[in-house]
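Source file: run-v2.pdb (PDB, C-alpha atoms)
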ATOM      1  CA  MET F   1     123.036 124.524 129.387
ATOM      2  CA  SER F   2     121.867 121.490 131.337
ATOM      3  CA  PHE F   3     118.344 121.879 129.917
ATOM      4  CA  LEU F   4     119.767 121.841 126.400
ATOM      5  CA  LEU F   5     121.831 118.737 127.155
ATOM      6  CA  PHE F   6     118.769 117.026 128.618
ATOM      7  CA  THR F   7     116.673 117.973 125.585
ATOM      8  CA  VAL F   8     119.261 116.758 123.090
ATOM      9  CA  SER F   9     119.713 113.517 125.036
ATOM     10  CA  ALA F  10     115.944 112.975 125.248
ATOM     11  CA  LEU F  11     115.592 113.595 121.511
ATOM     12  CA  HIS F  12     118.346 111.093 120.779
ATOM     13  CA  VAL F  13     116.769 108.459 123.034
ATOM     14  CA  LEU F  14     113.431 109.078 121.286
ATOM     15  CA  VAL F  15     115.111 108.524 117.907
ATOM     16  CA  LEU F  16     116.677 105.299 119.208
ATOM     17  CA  VAL F  17     113.344 103.970 120.495
ATOM     18  CA  LEU F  18     111.527 104.863 117.278
ATOM     19  CA  LEU F  19     114.269 103.271 115.185
ATOM     20  CA  PHE F  20     114.193 100.123 117.292
ATOM     21  CA  VAL F  21     110.410  99.799 116.955
ATOM     22  CA  ALA F  22     110.447 100.622 113.241
ATOM     23  CA  THR F  23     113.143  98.046 112.543
ATOM     24  CA  LEU F  24     111.811  95.162 114.602
ATOM     25  CA  ASP F  25     108.032  95.540 114.780
ATOM     26  CA  LYS F  26     105.689  93.761 112.401
ATOM     27  CA  ALA F  27     103.850  96.416 110.407
ATOM     28  CA  TRP F  28     105.722  97.853 107.461
ATOM     29  CA  TRP F  29     102.904  96.829 105.122
ATOM     30  CA  VAL F  30      99.308  96.128 106.215
ATOM     31  CA  LEU F  31      97.053  94.004 104.044
ATOM     32  CA  PRO F  32      93.289  94.673 103.736
ATOM     33  CA  ASP F  33      92.451  91.923 106.242
ATOM     34  CA  GLU F  34      94.849  93.516 108.785
ATOM     35  CA  GLU F  35      97.626  90.961 108.267
ATOM     36  CA  THR F  36     101.046  92.575 108.345
ATOM     37  CA  VAL F  37     104.318  92.206 106.489
ATOM     38  CA  ASN F  38     107.568  93.336 108.097
ATOM     39  CA  LEU F  39     111.192  93.523 107.067
ATOM     40  CA  TRP F  40     112.097  90.089 108.395
ATOM     41  CA  TYR F  41     109.187  87.661 108.080
ATOM     42  CA  ASP F  42     105.923  87.501 106.230
ATOM     43  CA  CYS F  43     103.524  86.139 108.846
ATOM     44  CA  VAL F  44      99.984  85.156 107.939
ATOM     45  CA  PHE F  45      97.357  83.900 110.388
ATOM     46  CA  GLN F  46      95.565  80.794 109.105
ATOM     47  CA  ASN F  47      92.030  80.476 110.443
ATOM     48  CA  GLY F  48      91.783  76.782 109.540
ATOM     49  CA  THR F  49      94.723  75.773 111.711
ATOM     50  CA  ARG F  50      94.467  78.852 114.005
ATOM     51  CA  SER F  51      98.198  79.419 113.792
ATOM     52  CA  TRP F  52     100.682  81.808 112.240
ATOM     53  CA  VAL F  53     102.605  80.713 109.158
ATOM     54  CA  CYS F  54     105.840  82.668 108.713
ATOM     55  CA  ALA F  55     108.228  82.680 105.779
ATOM     56  CA  SER F  56     111.455  84.599 105.365
ATOM     57  CA  VAL F  57     111.198  87.517 102.981
ATOM     58  CA  ALA F  58     114.958  87.968 102.607
ATOM     59  CA  ASP F  59     115.026  86.544  99.089
ATOM     60  CA  SER F  60     114.855  89.930  97.376
ATOM     61  CA  PRO F  61     117.996  92.068  97.189
ATOM     62  CA  TRP F  62     116.174  95.371  97.681
ATOM     63  CA  LEU F  63     114.579  94.105 100.906
ATOM     64  CA  ARG F  64     118.000  92.965 102.140
ATOM     65  CA  ALA F  65     119.253  96.486 101.427
ATOM     66  CA  VAL F  66     116.399  98.002 103.450
ATOM     67  CA  GLN F  67     117.148  95.590 106.306
ATOM     68  CA  GLY F  68     120.835  96.513 106.220
ATOM     69  CA  LEU F  69     120.147 100.245 106.103
ATOM     70  CA  MET F  70     117.730 100.112 109.033
ATOM     71  CA  VAL F  71     120.038  97.977 111.181
ATOM     72  CA  GLY F  72     122.954 100.187 110.182
ATOM     73  CA  ALA F  73     120.994 103.288 111.169
ATOM     74  CA  LEU F  74     120.178 101.728 114.524
ATOM     75  CA  LEU F  75     123.838 100.885 115.127
ATOM     76  CA  LEU F  76     125.025 104.319 113.974
ATOM     77  CA  SER F  77     122.534 106.091 116.206
ATOM     78  CA  SER F  78     123.501 103.926 119.179
ATOM     79  CA  GLY F  79     127.152 104.620 118.487
ATOM     80  CA  ALA F  80     126.473 108.344 118.210
ATOM     81  CA  PHE F  81     124.773 108.342 121.612
ATOM     82  CA  ALA F  82     127.629 106.414 123.220
ATOM     83  CA  LEU F  83     130.116 108.791 121.593
ATOM     84  CA  PHE F  84     128.125 111.780 122.848
ATOM     85  CA  LEU F  85     128.141 110.429 126.401
ATOM     86  CA  TRP F  86     131.884 109.817 126.195
ATOM     87  CA  GLN F  87     132.504 113.307 124.818
ATOM     88  CA  LEU F  88     130.281 114.803 127.506
ATOM     89  CA  HIS F  89     131.985 113.106 130.438
ATOM     90  CA  ALA F  90     135.562 112.385 129.356
ATOM     91  CA  GLY F  91     136.148 114.438 126.239
ATOM     92  CA  PRO F  92     138.082 117.689 126.099
ATOM     93  CA  ARG F  93     136.291 120.869 127.133
ATOM     94  CA  GLY F  94     135.582 123.690 124.703
ATOM     95  CA  ARG F  95     135.074 121.393 121.710
ATOM     96  CA  LEU F  96     132.064 120.788 119.514
ATOM     97  CA  PHE F  97     130.258 117.445 119.521
ATOM     98  CA  ALA F  98     131.010 117.101 115.818
ATOM     99  CA  ALA F  99     131.752 113.353 115.849
ATOM    100  CA  SER F 100     128.448 112.589 117.575
ATOM    101  CA  GLY F 101     126.565 114.907 115.254
ATOM    102  CA  GLY F 102     128.150 113.500 112.120
ATOM    103  CA  THR F 103     127.387 109.939 113.167
ATOM    104  CA  GLN F 104     123.782 110.862 113.954
ATOM    105  CA  LEU F 105     123.453 112.587 110.575
ATOM    106  CA  LEU F 106     124.691 109.395 108.891
ATOM    107  CA  ALA F 107     122.061 107.431 110.831
ATOM    108  CA  GLY F 108     119.347 109.804 109.623
ATOM    109  CA  LEU F 109     120.530 109.480 106.036
ATOM    110  CA  ALA F 110     120.572 105.676 106.337
ATOM    111  CA  VAL F 111     116.946 105.690 107.511
ATOM    112  CA  LEU F 112     116.081 108.068 104.673
ATOM    113  CA  ALA F 113     117.658 105.703 102.148
ATOM    114  CA  GLY F 114     116.059 102.595 103.683
ATOM    115  CA  ALA F 115     112.535 103.988 103.938
ATOM    116  CA  GLY F 116     112.830 105.573 100.506
ATOM    117  CA  LEU F 117     113.963 102.310  98.980
ATOM    118  CA  TYR F 118     111.078 100.458 100.637
ATOM    119  CA  ALA F 119     108.607 103.020  99.285
ATOM    120  CA  ALA F 120     110.099 103.015  95.778
ATOM    121  CA  GLN F 121     110.330  99.262  95.265
ATOM    122  CA  GLY F 122     107.375  97.094  94.441
ATOM    123  CA  GLY F 123     107.054  93.479  95.429
ATOM    124  CA  ARG F 124     104.678  94.100  98.308
ATOM    125  CA  PRO F 125     101.391  92.206  98.361
ATOM    126  CA  PRO F 126      98.741  94.179  96.461
ATOM    127  CA  GLY F 127      95.814  95.969  98.059
ATOM    128  CA  GLY F 128      97.525  97.052 101.242
ATOM    129  CA  ARG F 129      98.833 100.199 102.836
ATOM    130  CA  PHE F 130     101.970 101.282 104.623
ATOM    131  CA  GLY F 131     101.977 100.390 108.300
ATOM    132  CA  HIS F 132     103.012 102.226 111.426
ATOM    133  CA  CYS F 133     106.635 101.009 111.268
ATOM    134  CA  PHE F 134     107.060 102.658 107.891
ATOM    135  CA  VAL F 135     105.625 105.889 109.297
ATOM    136  CA  LEU F 136     107.936 105.664 112.331
ATOM    137  CA  ALA F 137     110.920 105.208 110.031
ATOM    138  CA  TRP F 138     110.009 108.383 108.153
ATOM    139  CA  LEU F 139     109.452 110.180 111.466
ATOM    140  CA  CYS F 140     112.986 109.184 112.520
ATOM    141  CA  VAL F 141     114.525 110.937 109.514
ATOM    142  CA  PRO F 142     113.894 114.576 110.501
ATOM    143  CA  LEU F 143     114.354 113.840 114.207
ATOM    144  CA  ALA F 144     117.752 112.230 113.617
ATOM    145  CA  LEU F 145     118.839 115.011 111.288
ATOM    146  CA  VAL F 146     117.775 117.714 113.775
ATOM    147  CA  SER F 147     119.535 115.815 116.548
ATOM    148  CA  GLY F 148     122.711 115.559 114.472
ATOM    149  CA  VAL F 149     122.719 119.240 113.533
ATOM    150  CA  THR F 150     122.112 120.177 117.180
ATOM    151  CA  TYR F 151     125.073 118.056 118.258
ATOM    152  CA  ILE F 152     127.289 119.753 115.702
ATOM    153  CA  HIS F 153     126.372 123.199 117.035
ATOM    154  CA  LEU F 154     126.583 122.197 120.696
ATOM    155  CA  ARG F 155     129.832 123.103 122.443
ATOM    156  CA  LYS F 156     131.074 121.617 125.695
ATOM    157  CA  ARG F 157     131.663 124.448 128.153
ATOM    158  CA  GLU F 158     134.974 124.946 129.814
TER
END

Can the structure from this file be put into structure tokens for me?
Amino acid sequence: MSFLLFTVSALHVLVLVLLFVATLDKAWWVLPDEETVNLWYDCVFQNGTRSWVCASVADSPWLRAVQGLMVGALLLSSGAFALFLWQLHAGPRGRLFAASGGTQLLAGLAVLAGAGLYAAQGGRPPGGRFGHCFVLAWLCVPLALVSGVTYIHLRKRE
């Protein structure tokens, strides 16, 4: 049982780390000259001045929705882990970890909606490709859903 608890906890921590990197790192969209666009700022390196020029990209409503969904998923997943730890140490014995699992499933669905919305909407600079943060977001979806389903089926022993 302790191996299963360790595995589920490690999977949840992995989801949290991947979500954190996917939400805050700078490579959701990579331009041909390796400049990146993220969810928060569009930063471009100017060779003439040898400095970065950043502008907020929060003027489009669909990008605000993606930002909100990713931050919401991060908060839901963090809350699910805290709830799991509480249920593990102070919660009643013999019960399922249904609250933790349901919250983690909601986090996975929020990432699914956010990454799907980012993929479906245009407005990105032309000629680029999706970056590693976008891939990490999609990797978080099945991991969070598996983690949530595992929590739901996990029972605290008496």

Which residue, F:Val30, F:Leu96, F:Val13, F:Leu117, has the smallest gap to Ala82 (chain F) when you use only C-alpha atoms?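 Answer, going by the shortest atom-to-atom distance: F:Val13.
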
In Å, how far is it from CA of Val71 (chain F) to CA of Thr23 (chain F)?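 Interatomic distance, CA of Val71 (chain F) to CA of Thr23 (chain F): 7.0 Å.
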
Evaluate the PyMOL selection byres ((chain F and resi 28) around 6) here and jot the selected residues down as a PyMOL selection string. chain F and resi 27+29+37-38+130-131+133-134

As an exercise, work out the distance from CA of Phe6 (chain F) to CA of Phe81 (chain F) in Å and give it to one decimal place. 12.7 Å

Point-to-point distance from CA of His12 (chain F) to CA of Val135 (chain F), Å rounded to tenths: 17.9 Å
